[in-house]
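Student: Have a look at the structure that comes next, please.
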Number of protein chains: 2
Amino acid sequence: MKMTPLITSAVMHFGEMGSRWGFNRTVGQILALIVLNEEPISAQEVADALNISRGNTSMGLKELQSWRLVKQHHVPGERKEFFIPAGDIWTLANRVFEERRKREIDPTMSLLRDLLLDAPANEKEASAQHKLNEIHDLLESITAWSEELQNLGPEKLNTLMKLGSGVGRMLELKDKLLPGKNSVN
Amino acid sequence: MKMTPLITSAVMHFGEMGSRWGFNRTVGQILALIVLNEEPISAQEVADALNISRGNTSMGLKELQSWRLVKQHHVPGERKEFFIPAGDIWTLANRVFEERRKREIDPTMSLLRDLLLDAPANEKEASAQHKLNEIHDLLESITAWSEELQNLGPEKLNTLMKLGSGVGRMLELKDKLLPGKNSVN
DNA sequence: ATAAACTTTCAGTAATTTCTGAAACTTCTG
DNA sequence: CAGAAGTTTCAGAAATTACTGAAAGTTTAT
């Protein structure tokens, strides 16, 4: 399970970036290693390749499974468990988005809903509540939208992306195309 | 500069969430306080309201300015500097996205480009490089796409969001609408 | 030029997060 | 069921990140 120089660079980098993506250094490294390695890999091999303790490895793998980025893979005849990516790159990226949405947006949405239920006590609160409402609506849109993108799937998403600034123009014409749809402006 | 209960709850929550959004607790609290307070607020008032040291406040304000979420506001006749949000909610959310993209995606893109330049040394590396290439393309699409959304502006974005699953159907018809555009599937 | 009002910096401390490794646990095998 | 092979847990150590407060720095007013 020696890593080639290329894989080493990539793994180290994903470790560095790990914390920015919502997990810690070793979790990032483990993920990169499992994704870049075509063969299934055992926990012990992960620990050896990355030079981290067996305990830390176990926790990292557990976390990656809770993010649904990595899954166990049983090799017939082998006693130990092996690990492989839980899907293709698109799937993994989606899982990361989804999980982050749960951690970064959902709790705030829930608090905002609560805060917006109470009647404002005075002028100051009324104004603050108005802002909170704006934030709530924005987050709600982002959530709805990201769910929508997930349902589109990679090919259509790609079409949409390649469309570039065409999206704007298309929107202007949308009523002709989909006359039944909610007209906003 | 006493905070009302509503504002206190919101500020505390944004503090908790701060670290998930890319900054630390006090920076999150300061941001919430400045956004929810309609009047400009001085550094000293921030420190008092949040019960944090003057030094920490100064660093927090500096960071918020580097994210372009908060700006200085000079009150005529007053000696000290006041602070206000750098724009409306939409603008602020956009700045957060943009800044996070810089920190979370750009460095990886740059590394991936480098790693893809070298010829693979063997089978293992060839396969890893293929995966890295997929990741590169995905990140590139995400970047292009998020820039596109920013240019759309809030109203059109909202139209798009309200369109919901209509986006998929619209895409299927897009060639009729915009015949000049790049055909992907 | 001096002083008052205010801000920033930064060395040291506090708080938090991550990692290790030994012990406890779980399976499988003979 | 004994023990070998493997995994998980978790208390404490190490590393990282955030915060304080006193000293240095700025700016404005006189």
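Residue names in the structure tokens use chain letters A, B, ... in the order shown, residue numbers from 1 in each chain, and ligand numbers from 1 in the order shown.
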What would you get as a short mmCIF file (atom, residue, chain, number, x, y, z; two decimals) with C-alpha atoms, in the first residue's frame if chain A were moved onto chain B by least squares over all of its C-alpha atoms in order?

Tutor:
data_model
loop_
_atom_site.label_atom_id
_atom_site.label_comp_id
_atom_site.auth_asym_id
_atom_site.auth_seq_id
_atom_site.Cartn_x
_atom_site.Cartn_y
_atom_site.Cartn_z
CA MET A 1 -26.29 49.51 23.04
CA LYS A 2 -28.25 46.99 25.12
CA MET A 3 -29.36 44.07 23.00
CA THR A 4 -33.01 43.06 23.09
CA PRO A 5 -33.74 39.39 23.89
CA LEU A 6 -34.52 38.69 20.25
CA ILE A 7 -31.26 40.17 19.06
CA THR A 8 -29.38 38.38 21.81
CA SER A 9 -30.71 34.99 20.71
CA ALA A 10 -29.88 35.66 17.11
CA VAL A 11 -26.41 36.96 17.89
CA MET A 12 -25.61 33.97 20.09
CA HIS A 13 -26.78 31.58 17.41
CA PHE A 14 -24.73 33.21 14.69
CA GLY A 15 -21.80 32.91 17.03
CA GLU A 16 -22.35 29.17 17.37
CA MET A 17 -22.73 28.78 13.62
CA GLY A 18 -19.85 31.10 12.86
CA SER A 19 -17.24 28.39 12.82
CA ARG A 20 -19.27 26.34 10.38
CA TRP A 21 -19.52 29.30 8.06
CA GLY A 22 -15.82 29.87 7.92
CA PHE A 23 -15.16 32.32 10.72
CA ASN A 24 -14.97 32.02 14.47
CA ARG A 25 -17.51 32.57 17.21
CA THR A 26 -16.88 36.21 17.96
CA VAL A 27 -16.65 37.13 14.30
CA GLY A 28 -20.05 35.55 13.77
CA GLN A 29 -21.50 37.43 16.72
CA ILE A 30 -20.09 40.75 15.59
CA LEU A 31 -21.50 40.24 12.11
CA ALA A 32 -24.97 39.44 13.42
CA LEU A 33 -24.91 42.42 15.73
CA ILE A 34 -23.94 44.83 12.98
CA VAL A 35 -26.45 43.43 10.54
CA LEU A 36 -29.36 43.40 12.95
CA ASN A 37 -28.71 46.81 14.38
CA GLU A 38 -30.07 49.48 12.14
CA GLU A 39 -27.83 52.20 13.55
CA PRO A 40 -24.10 52.24 12.93
CA ILE A 41 -22.23 50.87 15.91
CA SER A 42 -18.76 51.61 17.29
CA ALA A 43 -16.06 49.09 18.09
CA GLN A 44 -16.38 49.89 21.78
CA GLU A 45 -20.12 49.26 21.70
CA VAL A 46 -19.52 45.92 20.00
CA ALA A 47 -17.04 44.93 22.69
CA ASP A 48 -19.44 45.95 25.46
CA ALA A 49 -22.50 44.31 23.96
CA LEU A 50 -20.72 41.01 23.39
CA ASN A 51 -18.51 41.12 26.45
CA ILE A 52 -15.31 40.55 24.58
CA SER A 53 -12.00 42.34 24.75
CA ARG A 54 -11.33 45.41 22.73
CA GLY A 55 -8.44 43.65 21.00
CA ASN A 56 -10.54 40.74 19.90
CA THR A 57 -13.17 43.13 18.63
CA SER A 58 -10.61 44.95 16.55
CA MET A 59 -9.42 41.71 14.98
CA GLY A 60 -12.96 40.55 14.33
CA LEU A 61 -13.90 43.78 12.62
CA LYS A 62 -10.77 43.60 10.55
CA GLU A 63 -11.64 40.10 9.42
CA LEU A 64 -15.20 41.08 8.57
CA GLN A 65 -13.85 43.91 6.49
CA SER A 66 -11.49 41.56 4.69
CA TRP A 67 -14.53 39.42 3.85
CA ARG A 68 -16.23 42.64 2.70
CA LEU A 69 -19.21 41.97 4.93
CA VAL A 70 -18.89 45.08 7.05
CA LYS A 71 -17.62 48.54 6.28
CA GLN A 72 -16.65 51.65 8.16
CA HIS A 73 -19.06 54.49 8.37
CA HIS A 74 -17.94 57.91 9.41
CA VAL A 75 -20.41 59.87 11.50
CA PRO A 76 -19.77 63.62 11.07
CA GLY A 77 -18.72 65.28 14.27
CA GLU A 78 -17.85 61.95 15.93
CA ARG A 79 -14.24 61.07 16.50
CA LYS A 80 -14.56 57.32 16.47
CA GLU A 81 -15.31 54.98 13.59
CA PHE A 82 -18.67 53.27 13.24
CA PHE A 83 -19.48 50.09 11.42
CA ILE A 84 -22.38 49.04 9.20
CA PRO A 85 -23.16 46.07 6.95
CA ALA A 86 -21.47 46.25 3.55
CA GLY A 87 -24.74 45.70 1.69
CA ASP A 88 -28.10 43.99 1.77
CA ILE A 89 -28.59 40.38 2.77
CA TRP A 90 -28.22 39.11 -0.78
CA THR A 91 -24.93 40.93 -1.19
CA LEU A 92 -23.61 39.63 2.09
CA ALA A 93 -24.55 36.05 1.28
CA ASN A 94 -22.82 36.38 -2.04
CA ARG A 95 -19.68 37.68 -0.46
CA VAL A 96 -19.62 34.73 1.89
CA PHE A 97 -19.94 32.32 -1.03
CA GLU A 98 -17.29 34.07 -3.00
CA GLU A 99 -14.84 34.20 -0.15
CA ARG A 100 -15.40 30.59 0.68
CA ARG A 101 -14.89 29.63 -2.90
CA LYS A 102 -11.52 31.33 -2.79
CA ARG A 103 -10.54 29.41 0.31
CA GLU A 104 -12.16 26.08 -0.34
CA ILE A 105 -11.95 25.54 -4.08
CA ASP A 106 -9.33 27.72 -5.71
CA PRO A 107 -6.29 26.23 -3.96
CA THR A 108 -7.43 22.74 -4.87
CA MET A 109 -8.01 23.69 -8.49
CA SER A 110 -4.53 25.04 -8.64
CA LEU A 111 -2.97 21.89 -7.19
CA LEU A 112 -5.01 19.65 -9.46
CA ARG A 113 -3.89 21.53 -12.53
CA ASP A 114 -0.30 20.97 -11.51
CA LEU A 115 -0.75 17.30 -10.75
CA LEU A 116 -2.43 16.72 -14.07
CA LEU A 117 0.52 18.12 -16.01
CA ASP A 118 2.93 15.32 -15.14
CA ALA A 119 2.77 12.11 -17.09
CA PRO A 120 1.61 9.20 -14.91
CA ALA A 121 4.48 6.98 -13.78
CA ASN A 122 2.48 3.76 -13.85
CA GLU A 123 -0.94 2.14 -13.86
CA LYS A 124 -1.84 3.26 -10.36
CA GLU A 125 -0.97 6.84 -11.11
CA ALA A 126 -2.86 6.82 -14.37
CA SER A 127 -6.00 5.74 -12.61
CA ALA A 128 -5.53 8.28 -9.82
CA GLN A 129 -4.93 10.98 -12.37
CA HIS A 130 -8.16 10.10 -14.06
CA LYS A 131 -10.05 10.59 -10.82
CA LEU A 132 -8.25 13.84 -10.15
CA ASN A 133 -9.31 15.00 -13.56
CA GLU A 134 -12.93 14.27 -12.78
CA ILE A 135 -12.63 16.25 -9.59
CA HIS A 136 -11.02 19.09 -11.45
CA ASP A 137 -13.81 19.28 -14.00
CA LEU A 138 -16.46 19.14 -11.33
CA LEU A 139 -14.90 21.96 -9.36
CA GLU A 140 -14.47 23.99 -12.50
CA SER A 141 -18.14 23.63 -13.28
CA ILE A 142 -19.11 24.61 -9.77
CA THR A 143 -16.95 27.70 -9.96
CA ALA A 144 -18.28 28.76 -13.34
CA TRP A 145 -21.79 28.13 -12.21
CA SER A 146 -21.55 30.07 -9.01
CA GLU A 147 -20.11 33.04 -10.88
CA GLU A 148 -23.02 32.81 -13.25
CA LEU A 149 -25.53 32.83 -10.41
CA GLN A 150 -23.91 35.90 -8.93
CA ASN A 151 -24.31 37.74 -12.18
CA LEU A 152 -27.96 36.81 -12.38
CA GLY A 153 -28.76 38.91 -9.35
CA PRO A 154 -31.38 38.22 -6.72
CA GLU A 155 -34.58 38.72 -8.72
CA LYS A 156 -33.73 36.38 -11.56
CA LEU A 157 -32.24 33.90 -9.16
CA ASN A 158 -35.48 33.94 -7.33
CA THR A 159 -37.42 33.33 -10.51
CA LEU A 160 -35.17 30.39 -11.21
CA MET A 161 -35.62 29.03 -7.73
CA LYS A 162 -39.36 29.37 -7.77
CA LEU A 163 -39.34 27.48 -11.01
CA GLY A 164 -38.48 24.35 -9.04
CA SER A 165 -38.60 21.17 -11.06
CA GLY A 166 -39.51 23.26 -14.06
CA VAL A 167 -35.81 23.78 -14.61
CA GLY A 168 -35.45 20.23 -15.81
CA ARG A 169 -38.29 20.53 -18.26
CA MET A 170 -37.05 23.85 -19.47
CA LEU A 171 -33.68 22.36 -20.22
CA GLU A 172 -35.21 19.73 -22.38
CA LEU A 173 -36.69 22.46 -24.53
CA LYS A 174 -33.78 24.81 -24.48
CA ASP A 175 -32.57 24.09 -28.00
CA LYS A 176 -35.80 25.43 -29.40
CA LEU A 177 -35.39 28.53 -27.32
CA LEU A 178 -31.74 29.29 -27.81
CA PRO A 179 -30.74 27.56 -31.00
CA GLY A 180 -27.30 29.14 -31.09
CA LYS A 181 -26.22 27.57 -27.82
CA ASN A 182 -23.73 24.78 -27.29
CA SER A 183 -25.56 21.47 -27.50
CA VAL A 184 -24.34 19.08 -24.87
CA ASN A 185 -26.37 15.91 -25.01
#

Student: With only C-alpha atoms (C1' of nucleotides) considered, list every residue of chain D at most 9 Å from chain B, as a compact mmCIF listing (two decimals) with C-alpha atoms (C1' of nucleotides), in the first residue's frame.

Tutor:
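That gives us out.txt:
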# COMPACT_ATOMS: atom_id res chain seq x y z
C1' DA D 18 -9.11 31.98 19.82
C1' DC D 19 -8.91 35.63 23.34
C1' DT D 20 -7.07 39.00 26.61
C1' DG D 21 -4.98 43.10 27.98
C1' DT D 28 -7.38 65.14 15.92

Student: Let's see if you can do this: from backbone DSSP, list all helix (DSSP H, G or I) residues in chain A, as a VMD selection string.

Tutor: chain A and resid 5 to 21 25 to 36 43 to 50 54 to 66 89 to 104 106 to 117 123 to 163 166 to 172 174 to 177

Student: How would the residues just picked look written out with C-alpha atoms as a compact mmCIF listing (two decimals), in the first residue's frame?

Tutor:
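What landed in result-v4.txt:
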# COMPACT_ATOMS: atom_id res chain seq x y z
CA PRO A 5 4.31 10.54 -5.37
CA LEU A 6 1.25 11.77 -7.24
CA ILE A 7 -1.13 10.17 -4.79
CA THR A 8 0.93 11.42 -1.88
CA SER A 9 0.67 15.03 -3.07
CA ALA A 10 -3.03 14.76 -3.60
CA VAL A 11 -3.64 13.07 -0.26
CA MET A 12 -1.61 15.67 1.61
CA HIS A 13 -3.47 18.47 -0.09
CA PHE A 14 -6.87 17.03 0.69
CA GLY A 15 -5.70 16.77 4.26
CA GLU A 16 -4.85 20.47 4.34
CA MET A 17 -8.18 21.36 2.76
CA GLY A 18 -10.11 18.92 4.90
CA SER A 19 -10.82 21.37 7.66
CA ARG A 20 -12.19 23.89 5.20
CA TRP A 21 -14.54 21.28 3.80
CA ARG A 25 -7.00 16.71 8.36
CA THR A 26 -6.85 12.96 8.74
CA VAL A 27 -10.42 12.49 7.60
CA GLY A 28 -9.58 14.42 4.45
CA GLN A 29 -6.50 12.32 3.86
CA ILE A 30 -8.34 9.06 4.37
CA LEU A 31 -11.04 10.13 1.94
CA ALA A 32 -8.53 11.06 -0.74
CA LEU A 33 -6.67 7.82 -0.29
CA ILE A 34 -9.78 5.70 -0.62
CA VAL A 35 -11.06 7.62 -3.61
CA LEU A 36 -7.78 7.59 -5.50
CA ALA A 43 -8.16 0.15 7.92
CA GLN A 44 -4.69 -1.09 8.76
CA GLU A 45 -3.39 -0.12 5.33
CA VAL A 46 -4.88 3.34 5.74
CA ALA A 47 -3.17 3.75 9.09
CA ASP A 48 0.17 2.60 7.66
CA ALA A 49 0.00 4.69 4.52
CA LEU A 50 -0.87 7.86 6.39
CA ARG A 54 -5.16 2.78 14.36
CA GLY A 55 -7.64 4.48 16.70
CA ASN A 56 -7.67 7.68 14.74
CA THR A 57 -8.15 5.71 11.55
CA SER A 58 -11.14 3.96 13.00
CA MET A 59 -12.74 7.25 14.00
CA GLY A 60 -12.00 8.79 10.62
CA LEU A 61 -13.55 5.90 8.75
CA LYS A 62 -16.56 6.07 10.99
CA GLU A 63 -16.99 9.74 10.24
CA LEU A 64 -16.63 9.19 6.51
CA GLN A 65 -19.29 6.55 6.70
CA SER A 66 -21.58 8.89 8.59
CA ILE A 89 -17.27 11.81 -7.85
CA TRP A 90 -20.60 13.48 -8.54
CA THR A 91 -22.30 11.44 -5.85
CA LEU A 92 -19.59 12.20 -3.34
CA ALA A 93 -19.69 15.92 -4.04
CA ASN A 94 -23.43 15.87 -3.59
CA ARG A 95 -23.16 14.10 -0.29
CA VAL A 96 -20.73 16.71 0.93
CA PHE A 97 -23.13 19.49 -0.05
CA GLU A 98 -26.05 17.78 1.53
CA GLU A 99 -24.27 17.07 4.77
CA ARG A 100 -22.97 20.59 4.99
CA ARG A 101 -26.41 21.95 4.36
CA LYS A 102 -27.64 19.96 7.33
CA ARG A 103 -24.92 21.37 9.53
CA GLU A 104 -24.66 24.89 8.23
CA ASP A 106 -30.81 23.71 8.84
CA PRO A 107 -30.10 24.69 12.45
CA THR A 108 -30.25 28.35 11.53
CA MET A 109 -33.50 27.93 9.64
CA SER A 110 -34.99 26.30 12.66
CA LEU A 111 -33.90 29.09 15.01
CA LEU A 112 -35.10 31.77 12.62
CA ARG A 113 -38.52 30.20 12.38
CA ASP A 114 -38.78 30.31 16.15
CA LEU A 115 -37.58 33.88 16.46
CA LEU A 116 -40.04 35.03 13.83
CA LEU A 117 -43.01 33.63 15.75
CA GLU A 123 -39.07 49.28 17.14
CA LYS A 124 -35.59 47.80 17.34
CA GLU A 125 -36.91 44.29 17.45
CA ALA A 126 -39.29 44.89 14.59
CA SER A 127 -36.44 46.00 12.39
CA ALA A 128 -34.24 43.10 13.45
CA GLN A 129 -37.06 40.70 12.81
CA HIS A 130 -37.43 42.07 9.34
CA LYS A 131 -33.79 41.34 8.61
CA LEU A 132 -34.08 37.89 10.10
CA ASN A 133 -37.00 37.27 7.81
CA GLU A 134 -34.93 38.21 4.80
CA ILE A 135 -32.24 35.82 5.90
CA HIS A 136 -34.80 33.10 6.42
CA ASP A 137 -36.21 33.49 2.93
CA LEU A 138 -32.78 33.52 1.37
CA LEU A 139 -31.74 30.34 3.14
CA GLU A 140 -35.00 28.70 2.22
CA SER A 141 -34.41 29.49 -1.42
CA ILE A 142 -30.88 28.15 -1.26
CA THR A 143 -32.09 24.94 0.30
CA ALA A 144 -34.87 24.44 -2.22
CA TRP A 145 -32.53 25.22 -5.03
CA SER A 146 -29.81 22.88 -3.97
CA GLU A 147 -32.31 20.06 -3.63
CA GLU A 148 -33.48 20.84 -7.12
CA LEU A 149 -29.96 20.68 -8.50
CA GLN A 150 -29.42 17.31 -6.89
CA ASN A 151 -32.48 15.95 -8.59
CA LEU A 152 -31.30 17.21 -11.94
CA GLY A 153 -28.38 14.82 -11.93
CA PRO A 154 -24.95 15.40 -13.39
CA GLU A 155 -25.73 15.44 -17.11
CA LYS A 156 -28.47 18.04 -16.98
CA LEU A 157 -26.54 20.05 -14.47
CA ASN A 158 -23.69 20.07 -16.88
CA THR A 159 -25.93 21.24 -19.69
CA LEU A 160 -27.10 24.04 -17.45
CA MET A 161 -23.58 24.98 -16.52
CA LYS A 162 -22.33 24.98 -20.06
CA LEU A 163 -25.19 27.26 -20.90
CA GLY A 166 -27.61 31.82 -21.56
CA VAL A 167 -29.46 31.06 -18.36
CA GLY A 168 -30.39 34.69 -17.98
CA ARG A 169 -31.70 34.95 -21.50
CA MET A 170 -33.56 31.71 -21.18
CA LEU A 171 -35.32 32.99 -18.10
CA GLU A 172 -36.56 36.00 -19.92
CA LYS A 174 -39.46 31.12 -19.95
CA ASP A 175 -43.11 32.18 -19.92
CA LYS A 176 -43.40 31.31 -23.57
CA LEU A 177 -41.87 27.95 -22.88

Student: Excluding DT16 of chain D and any residue of its chain fewer than 3 positions from it, enumerate the residues within 10 Å of it, using only C-alpha atoms (C1' of nucleotides), and give them as number ranges by chain.

Tutor: C: 16-18

Student: Write the residues of the preceding selection, restricted to N, CA and C atoms (P, O5', C5', C4', C3', O3' and C1' of nucleotides), as a PDB file, in the first residue's frame.

Tutor:
ATOM      1  P    DT C  16     -14.243  26.256  25.217  1.00  0.00           P
ATOM      2  O5'  DT C  16     -13.515  25.555  23.984  1.00  0.00           O
ATOM      3  C5'  DT C  16     -13.186  26.359  22.845  1.00  0.00           C
ATOM      4  C4'  DT C  16     -12.565  25.465  21.813  1.00  0.00           C
ATOM      5  C3'  DT C  16     -13.307  24.150  21.590  1.00  0.00           C
ATOM      6  O3'  DT C  16     -13.632  24.144  20.217  1.00  0.00           O
ATOM      7  C1'  DT C  16     -10.981  23.779  21.810  1.00  0.00           C
ATOM      8  P    DT C  17     -14.404  22.903  19.502  1.00  0.00           P
ATOM      9  O5'  DT C  17     -13.183  22.096  18.878  1.00  0.00           O
ATOM     10  C5'  DT C  17     -12.329  22.775  17.962  1.00  0.00           C
ATOM     11  C4'  DT C  17     -11.219  21.833  17.597  1.00  0.00           C
ATOM     12  C3'  DT C  17     -11.711  20.467  17.106  1.00  0.00           C
ATOM     13  O3'  DT C  17     -11.134  20.312  15.830  1.00  0.00           O
ATOM     14  C1'  DT C  17      -9.985  20.235  18.717  1.00  0.00           C
ATOM     15  P    DT C  18     -11.364  18.995  14.923  1.00  0.00           P
ATOM     16  O5'  DT C  18     -10.042  18.175  15.288  1.00  0.00           O
ATOM     17  C5'  DT C  18      -8.794  18.714  14.903  1.00  0.00           C
ATOM     18  C4'  DT C  18      -7.704  17.798  15.378  1.00  0.00           C
ATOM     19  C3'  DT C  18      -7.824  16.366  14.859  1.00  0.00           C
ATOM     20  O3'  DT C  18      -6.566  16.096  14.271  1.00  0.00           O
ATOM     21  C1'  DT C  18      -7.435  16.380  17.188  1.00  0.00           C
TER      22       DT C  18
END

Student: Between atom C1' of DG12 of chain D and atom C1' of DT26 of chain C, what is the spacing in Å?

Tutor: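 Going from atom C1' of DT26 of chain C over to atom C1' of DG12 of chain D, I get 25.2 Å.
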
Student: Set the cut-off to 8 Å and count only C-alpha atoms (C1' of nucleotides): what are the residues of chain C that reach chain A? Output as an NGL selection string.

Tutor: :C and (18-21 or 28)
